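Data file: entry21.txt. Format and content: compact mmCIF, C-alpha atoms.
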# COMPACT_ATOMS: atom_id res chain seq x y z
CA MET A 132 -33.29 19.88 -28.51
CA PRO A 133 -33.47 23.60 -27.71
CA SER A 134 -31.78 25.92 -30.15
CA ARG A 135 -29.67 28.75 -28.74
CA LYS A 136 -27.66 31.51 -30.29
CA PRO A 137 -23.90 31.54 -29.59
CA GLU A 138 -24.14 34.68 -27.43
CA GLU A 139 -26.91 33.05 -25.34
CA ILE A 140 -24.73 29.97 -24.80
CA ASP A 141 -21.86 32.13 -23.51
CA GLU A 142 -24.23 33.94 -21.15
CA LEU A 143 -25.71 30.66 -19.87
CA ILE A 144 -22.24 29.21 -19.23
CA SER A 145 -21.06 32.29 -17.32
CA THR A 146 -24.28 32.30 -15.25
CA TRP A 147 -23.81 28.61 -14.46
CA LYS A 148 -20.15 29.11 -13.46
CA SER A 149 -20.99 32.03 -11.16
CA SER A 150 -23.76 30.03 -9.44
CA ARG A 151 -21.47 27.13 -8.48
CA THR A 152 -20.47 26.95 -4.84
CA ALA A 153 -17.79 24.27 -4.85
CA ASP A 154 -15.51 24.09 -1.83
CA LYS A 155 -11.99 25.14 -2.83
CA LYS A 156 -10.42 23.34 0.15
CA HIS A 157 -8.49 20.30 -1.06
CA MET A 158 -6.29 19.64 1.97
CA CYS A 159 -6.89 19.78 5.67
CA LYS A 160 -4.50 19.76 8.60
CA VAL A 161 -4.32 16.51 10.56
CA ASN A 162 -2.90 16.27 14.05
CA ALA A 163 -1.28 12.85 14.30
CA GLN A 164 -0.55 11.32 17.67
CA LYS A 165 2.77 9.58 18.07
CA GLY A 166 2.45 5.91 19.02
CA LYS A 167 4.75 4.75 21.81
CA GLU A 168 5.30 1.30 20.28
CA LEU A 169 6.41 2.89 16.99
CA GLU A 170 9.01 5.07 18.72
CA ILE A 171 10.73 1.96 20.03
CA LEU A 172 10.64 0.08 16.73
CA ARG A 173 11.75 2.98 14.53
CA ALA A 174 14.42 5.24 15.99
CA GLU A 175 15.12 6.84 12.60
CA ASP A 176 13.49 7.13 9.19
CA ASP A 177 15.15 4.41 7.13
CA GLY A 178 12.59 4.18 4.34
CA THR A 179 10.56 1.44 5.99
CA THR A 180 7.34 1.30 7.92
CA VAL A 181 5.98 -1.10 10.50
CA VAL A 182 3.23 -3.51 9.40
CA ASN A 183 0.98 -5.56 11.65
CA VAL A 184 0.01 -8.91 10.15
CA CYS A 185 -2.27 -11.02 12.34
CA GLY A 186 -0.54 -9.67 15.47
CA LEU A 187 2.99 -10.08 14.04
CA THR A 188 5.11 -6.93 13.63
CA VAL A 189 6.92 -6.87 10.29
CA SER A 190 9.18 -4.31 8.63
CA ALA A 191 7.80 -3.23 5.23
CA SER A 192 10.76 -2.15 3.16
CA LEU A 193 10.77 0.98 1.07
CA LEU A 194 7.21 1.76 0.18
CA ASP A 195 8.53 3.51 -2.92
CA SER A 196 10.93 0.69 -3.85
CA GLY A 197 9.61 0.45 -7.40
CA ALA A 198 9.24 -3.32 -7.05
CA ASP A 199 7.13 -4.93 -9.77
CA GLU A 200 5.81 -7.59 -7.39
CA SER A 201 4.97 -7.68 -3.68
CA LEU A 202 7.33 -10.01 -1.82
CA VAL A 203 7.22 -11.42 1.70
CA SER A 204 9.99 -13.32 3.46
CA CYS A 205 9.60 -16.95 4.43
CA GLY A 206 10.30 -15.87 8.03
CA VAL A 207 6.99 -14.02 8.12
CA VAL A 208 5.13 -17.02 6.70
CA ASP A 209 6.77 -19.41 9.20
CA ASN A 210 5.88 -17.14 12.14
CA LEU A 211 2.27 -16.78 11.01
CA THR A 212 1.97 -20.55 10.57
CA GLY A 213 3.30 -21.02 14.12
CA MET A 214 0.75 -18.52 15.44
CA GLU A 215 -2.04 -20.60 13.86
CA CYS A 216 -3.27 -17.71 11.71
CA PHE A 217 -5.32 -18.69 8.69
CA ILE A 218 -3.28 -17.95 5.60
CA ALA A 219 -4.06 -18.93 2.02
CA PHE A 220 -1.20 -20.25 -0.12
CA GLN A 221 -1.10 -20.87 -3.84
CA GLN A 222 1.50 -23.06 -5.53
CA CYS A 223 2.47 -21.69 -8.97
CA GLU A 224 4.91 -22.39 -11.74
CA PRO A 225 8.34 -20.92 -10.87
CA VAL A 226 8.60 -17.24 -11.81
CA PRO A 227 11.92 -15.37 -12.03
CA LEU A 228 12.09 -12.02 -10.23
CA HIS A 229 14.94 -9.60 -10.88
CA PRO A 230 15.92 -7.76 -7.66
CA VAL A 231 17.59 -4.35 -7.77
CA GLY A 232 20.98 -5.68 -6.62
CA GLY A 233 21.17 -8.05 -9.57
CA GLY A 234 20.71 -11.78 -9.92
CA ILE A 235 17.51 -13.75 -10.24
CA LEU A 236 15.15 -14.81 -7.47
CA SER A 237 12.93 -17.76 -8.38
CA VAL A 238 9.59 -17.83 -6.56
CA SER A 239 6.84 -20.43 -6.80
CA ARG A 240 4.41 -19.76 -3.94
CA LYS A 241 2.01 -16.90 -3.27
CA ILE A 242 0.26 -15.91 -0.08
CA ARG A 243 -2.88 -13.79 0.33
CA PHE A 244 -3.13 -11.63 3.44
CA ASP A 245 -6.67 -10.85 4.55
CA GLU A 246 -5.55 -7.67 6.29
CA LEU A 247 -2.36 -5.68 6.85
CA ALA A 248 -2.09 -2.56 9.01
CA LEU A 249 0.67 -0.17 7.90
CA ALA A 250 1.80 2.31 10.55
CA THR A 251 1.64 5.89 9.23
CA PRO A 252 1.96 9.26 11.01
CA ALA A 253 -1.80 9.75 10.52
CA GLY A 254 -2.68 6.36 11.99
CA PRO A 255 -2.90 2.82 10.63
CA LEU A 256 -3.54 2.29 6.93
CA MET A 257 -5.35 -0.97 6.19
CA LEU A 258 -4.56 -3.08 3.13
CA ARG A 259 -6.92 -5.96 2.45
CA GLY A 260 -6.34 -8.90 0.14
CA LEU A 261 -2.66 -8.22 -0.60
CA VAL A 262 -1.09 -11.06 -2.62
CA CYS A 263 2.68 -11.53 -2.23
CA TRP A 264 5.25 -13.90 -3.65
CA ILE A 265 7.15 -15.79 -0.92
CA ASP A 266 10.95 -15.48 -0.82
CA GLU A 267 11.91 -18.94 0.48
CA SER A 268 15.55 -17.89 1.01
CA ASP A 269 14.81 -14.98 3.38
CA ARG A 270 14.20 -15.90 7.04
CA SER A 271 13.87 -12.31 8.28
CA LEU A 272 10.58 -10.55 9.02
CA SER A 273 10.29 -8.36 5.94
CA LEU A 274 7.76 -7.36 3.33
CA THR A 275 8.09 -5.37 0.11
CA ILE A 276 4.95 -3.79 -1.29
CA SER A 277 4.87 -3.43 -5.07
CA ARG A 278 4.78 -0.12 -6.90
CA ARG A 279 1.41 -1.03 -8.43
CA VAL A 280 -0.17 -1.53 -4.99
CA MET A 281 1.34 1.68 -3.58
CA ASN A 282 0.16 3.68 -6.62
CA TRP A 283 -3.35 2.29 -6.05
CA VAL A 284 -3.17 3.28 -2.36
CA ILE A 285 -1.99 6.79 -3.22
CA LEU A 286 -4.80 7.22 -5.77
CA ARG A 287 -7.38 6.08 -3.21
CA LEU A 288 -6.01 8.43 -0.53
CA SER A 289 -5.89 11.42 -2.85
CA SER A 290 -9.47 11.04 -4.12
Could the structure of this file be written out as structure tokens, please?
Amino acid sequence: MPSRKPEEIDELISTWKSSRTADKKHMCKVNAQKGKELEILRAEDDGTTVVNVCGLTVSASLLDSGADESLVSCGVVDNLTGMECFIAFQQCEPVPLHPVGGGILSVSRKIRFDELALATPAGPLMLRGLVCWIDESDRSLSLTISRRVMNWVILRLSS
């Protein structure tokens, strides 16, 4: 281990810092093209985005909903089953979920999506392997992505 005097260490550190040529640019401008199909589906910004699941267009509610679990409606599952898409289910012990509006929602089945494409202004964002609880009482075409998943996506996009 080389021995250095304190003043030599300070000089070496300042020399090293001045020799670094790191790029200071952390953001770059992106020109997003507006998709015609998205204009029709979303006339206004209502806190949702459009998701493509195996060719089925689904509304993903409030990406910043703060939900603890990802939840998909039974309507989405029924439509995908009718389209003969391969989907993997898992039967579980009933789990109580506590929605924002109050009450308790009991869920007992999970589904794993191989791939979801979220529509964003910068183009589609792919999510792979998303696991969602199935809301058997909801026949609409809706999906709620959990806070944990969205935080993971944001971390990946920012790095």
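Atom pair atom CA of A:Asp266 / atom CA of A:Val231 has a distance of 14.7 Å (rounded to one decimal).
The point (14.7, -15.9, 8.4) has these residues within 8 Å of it, counting all atoms listed in the file: A:Ser204, A:Cys205, A:Gly206, A:Val207, A:Ser268, A:Asp269, A:Arg270, A:Ser271, A:Leu272.
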Show me, as a PyMOL selection string, the residues that have an atom within 10 Å of stretch 212-226 of chain A when counting all atoms listed in the file, minus same-chain residues fewer than 4 positions from it. chain A and resi 184-187+206-208+235-245+262-265
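Comparing the minimum interatomic distances between A:Leu258 and each of A:Asn210, A:Ser145, A:Ser190, A:Asn183, counting all atoms listed in the file, we find that A:Asn183 sits nearest.
In this structure, atom CA of A:Thr146 sits 17.9 Å away from atom CA of A:Ser134.
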If you measure from atom CA of A:Val182 to atom CA of A:Met281, what distance in Å do you get, rounded to one decimal? 14.1 Å
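Considering the residues A:Ser277, A:Thr251, A:Thr180, A:Asn282 and counting only C-alpha atoms, A:Asp199 has its shortest atom-to-atom contact with A:Ser277.
Compared by their closest atoms to A:Pro227, and using only C-alpha atoms, the residues A:Val189, A:Glu200, A:Thr275, A:Arg135 rank with A:Glu200 nearest.
Proximity ranking of A:Pro137, A:Leu261, A:Asp209, A:Ala198 relative to A:Gly232 places A:Ala198 first, based on only C-alpha atoms.
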